[in-house]
Number of protein chains: 2
Amino acid sequence: MRDRPQSDTRERIITAADRLFREIGYQKTTVADIARTLGMSPANVYRFFSSKKAINEAVTARCTAEIRMRLEAVAASGRPAAERMRALLLTAHQSVLELGVTDAKMQEMIAVAMAESWGVIRAHIEEVDAIITRVLRDGVASGEFVPSDPEVTGPCIRAAMMRFCHPGLLTQCHDIPRPTVEQQADFILSALGHHARS
Amino acid sequence: MRDRPQSDTRERIITAADRLFREIGYQKTTVADIARTLGMSPANVYRFFSSKKAINEAVTARCTAEIRMRLEAVAASGRPAAERMRALLLTAHQSVLELGVTDAKMQEMIAVAMAESWGVIRAHIEEVDAIITRVLRDGVASGEFVPSDPEVTGPCIRAAMMRFCHPGLLTQCHDIPRPTVEQQADFILSALGHHARS
């Protein structure tokens, strides 16, 4: 009953591409493969995306938007800021993990996205910083966090979490047992003046 | 006048390989190229290293040892622990940068080392953790840092610095202006209970 067939087709192409990139790998997947699984012509796919790179960019944009949606939900919950911040950091890690980023074929797709569609990743990082910064302000206002410049501290928090949120690092560091993501989240909360009771 | 010609030859091979990997690139450099620049036969190089991979491992081990030497010097200086910790973090960043890691040919060599000689990198990370942890204990003993388990907090500090010390991230994140390395170091000191006076 939806009256947006054009955007539906676009979404179906992204979904099919996402699946093929994961199953066959980015390099081996062609626009013709994507069209075939949808029972359409390559020319029709090209009506929506100018290149395989553009499709990968859309897949990346969808994945990152999905992560932000989960982060937004945590940030908007009614819990105290310190609890929300901790949940935000753990959710960021969990969301990236659940994308299956440690799979070799996903790594290939992500490496291409990082190299060719950095703008999408960069915009995602800025929006994540904005979510973190919002919770940070709430915590300073409520007295849970010590005052600091949120425009500086927000990005510091994001940078301190990279080992748990950057797909390449998640794979590379999997055999380095410490810190755990919970330990890193507590460490970050300490930096905000919210020391865990021991 | 040194009486260790064998180890001298080994060191000369590492130096020549390091230079060629940086100039020509890892893939394009052959063991024969390395031998030629030293005026020796490939067979002689193979007396010291079983493969190009083994040479790259030795180059990586030398680079990482050099970084640790600089970190050890900072850690052993007589300054207060908080000052030493801050200097340690900035030195870690500066040392990696000075290796020229953001150069494309160095990136190639490092990517191979990370993939094929992860053991060397992992051992380096453990030794860096030990240096950080030592300064941490000093700071807790002197009352500069709030008490915490150094075996947990040390790795957290290292993980929080990855964006500034991991060669791949230094390159990938170069256009993300925040945080600066100084901001990240201050953030980490906050986590240790040493809040910068504002």
# chains A, B, ... in the order shown; residues from 1 in each chain; ligands from 1
>>> residues_around(residues="Glu108 in chain B", least_positions_apart="2", cutoff="9 Å", atoms="only C-alpha atoms", output="ChimeraX atom specification")
/B:21,25-27,103-106,110-113
>>> residues_around(residues="range 120-133 of chain A", least_positions_apart="3", cutoff="9 Å", atoms="only C-alpha atoms", output="number ranges by chain")
A: 57-58, 60-61, 64-65, 68, 71-72, 75, 85, 88-89, 113-114, 117, 136-138, 150-155, 157-158; B: 173, 175-176
>>> select_by_dssp(residues="range 19-116 of chain A", states="helix (DSSP H, G or I)", output="PyMOL selection string")
chain A and resi 19-23+31-37+42-48+52-76+81-98+104-116
>>> closest_atom_pairs(of="chain A", to="chain B", cutoff="8 Å", atoms="only C-alpha atoms", output="tab-separated table")
residue	atom	partner	partner_atom	distance
A:Arg122	CA	B:Ile176	CA	7.6
A:Val152	CA	B:Pro179	CA	6.4
A:Thr153	CA	B:Phe187	CA	7.2
A:Pro155	CA	B:Pro179	CA	5.5
A:Cys156	CA	B:Pro179	CA	5.5
A:Ala159	CA	B:Arg163	CA	6.3
A:Ala160	CA	B:Ala160	CA	3.8
A:Met161	CA	B:Ala160	CA	6.6
A:Met162	CA	B:Arg163	CA	7.0
A:Arg163	CA	B:Ala159	CA	6.3
A:Ile176	CA	B:Arg122	CA	7.6
A:Arg178	CA	B:Pro155	CA	5.9
A:Pro179	CA	B:Cys156	CA	5.5
A:Gln183	CA	B:Cys156	CA	7.2
A:Gln184	CA	B:Cys156	CA	5.6
A:Phe187	CA	B:Ala191	CA	6.2
A:Ile188	CA	B:Ala191	CA	6.5
A:Leu189	CA	B:Ala191	CA	7.5
A:Ser190	CA	B:Ala191	CA	4.6
A:Ala191	CA	B:Ala191	CA	3.4
A:Leu192	CA	B:Ala191	CA	7.0
A:Gly193	CA	B:Ala191	CA	7.3
>>> closest_residue(among="B:Ala17, B:Ala54, B:Ala141, B:Ala73", to="Asp33 in chain B", atoms="only C-alpha atoms")
B:Ala17
>>> residues_around(residues="Phe48 in chain B", least_positions_apart="4", cutoff="10 Å", atoms="only C-alpha atoms", output="ChimeraX atom specification")
/B:6-7,9-11,13,43-44,54-55
>>> write_last_selection(atoms="N, CA, C and O atoms", output="mmCIF file, in the first residue's frame")
data_model
loop_
_atom_site.group_PDB
_atom_site.id
_atom_site.type_symbol
_atom_site.label_atom_id
_atom_site.label_comp_id
_atom_site.auth_asym_id
_atom_site.auth_seq_id
_atom_site.Cartn_x
_atom_site.Cartn_y
_atom_site.Cartn_z
ATOM 1 N N GLN B 6 79.082 -10.682 12.865
ATOM 2 C CA GLN B 6 77.827 -11.348 12.494
ATOM 3 C C GLN B 6 76.626 -10.468 12.810
ATOM 4 O O GLN B 6 75.777 -10.257 11.966
ATOM 5 N N SER B 7 76.622 -9.944 14.034
ATOM 6 C CA SER B 7 75.459 -9.136 14.396
ATOM 7 C C SER B 7 75.493 -7.824 13.641
ATOM 8 O O SER B 7 74.441 -7.234 13.356
ATOM 9 N N THR B 9 76.428 -7.451 10.514
ATOM 10 C CA THR B 9 75.852 -7.754 9.205
ATOM 11 C C THR B 9 74.341 -7.817 9.307
ATOM 12 O O THR B 9 73.625 -7.281 8.467
ATOM 13 N N ARG B 10 73.864 -8.457 10.360
ATOM 14 C CA ARG B 10 72.424 -8.555 10.574
ATOM 15 C C ARG B 10 71.804 -7.155 10.642
ATOM 16 O O ARG B 10 70.803 -6.869 9.996
ATOM 17 N N GLU B 11 72.437 -6.289 11.421
ATOM 18 C CA GLU B 11 71.912 -4.924 11.568
ATOM 19 C C GLU B 11 71.953 -4.167 10.241
ATOM 20 O O GLU B 11 71.039 -3.418 9.920
ATOM 21 N N ILE B 13 71.713 -5.420 7.277
ATOM 22 C CA ILE B 13 70.633 -5.944 6.427
ATOM 23 C C ILE B 13 69.310 -5.285 6.821
ATOM 24 O O ILE B 13 68.541 -4.840 5.963
ATOM 25 N N ALA B 43 72.364 -15.216 -1.059
ATOM 26 C CA ALA B 43 72.630 -16.375 -0.196
ATOM 27 C C ALA B 43 73.132 -15.920 1.169
ATOM 28 O O ALA B 43 72.795 -16.493 2.205
ATOM 29 N N ASN B 44 73.932 -14.868 1.162
ATOM 30 C CA ASN B 44 74.471 -14.364 2.430
ATOM 31 C C ASN B 44 73.367 -13.748 3.290
ATOM 32 O O ASN B 44 73.345 -13.930 4.506
ATOM 33 N N ALA B 54 60.760 -12.497 7.379
ATOM 34 C CA ALA B 54 61.609 -12.471 8.579
ATOM 35 C C ALA B 54 62.368 -11.146 8.663
ATOM 36 O O ALA B 54 62.588 -10.612 9.760
ATOM 37 N N ILE B 55 62.750 -10.602 7.520
ATOM 38 C CA ILE B 55 63.443 -9.301 7.526
ATOM 39 C C ILE B 55 62.476 -8.208 7.986
ATOM 40 O O ILE B 55 62.819 -7.374 8.827
#
>>> atom_distance(atom1="CA of Glu23 in chain B", atom2="CA of Gly100 in chain B")
11.7 Å
>>> atom_distance(atom1="CA of Phe49 in chain B", atom2="CA of Pro167 in chain B")
25.5 Å
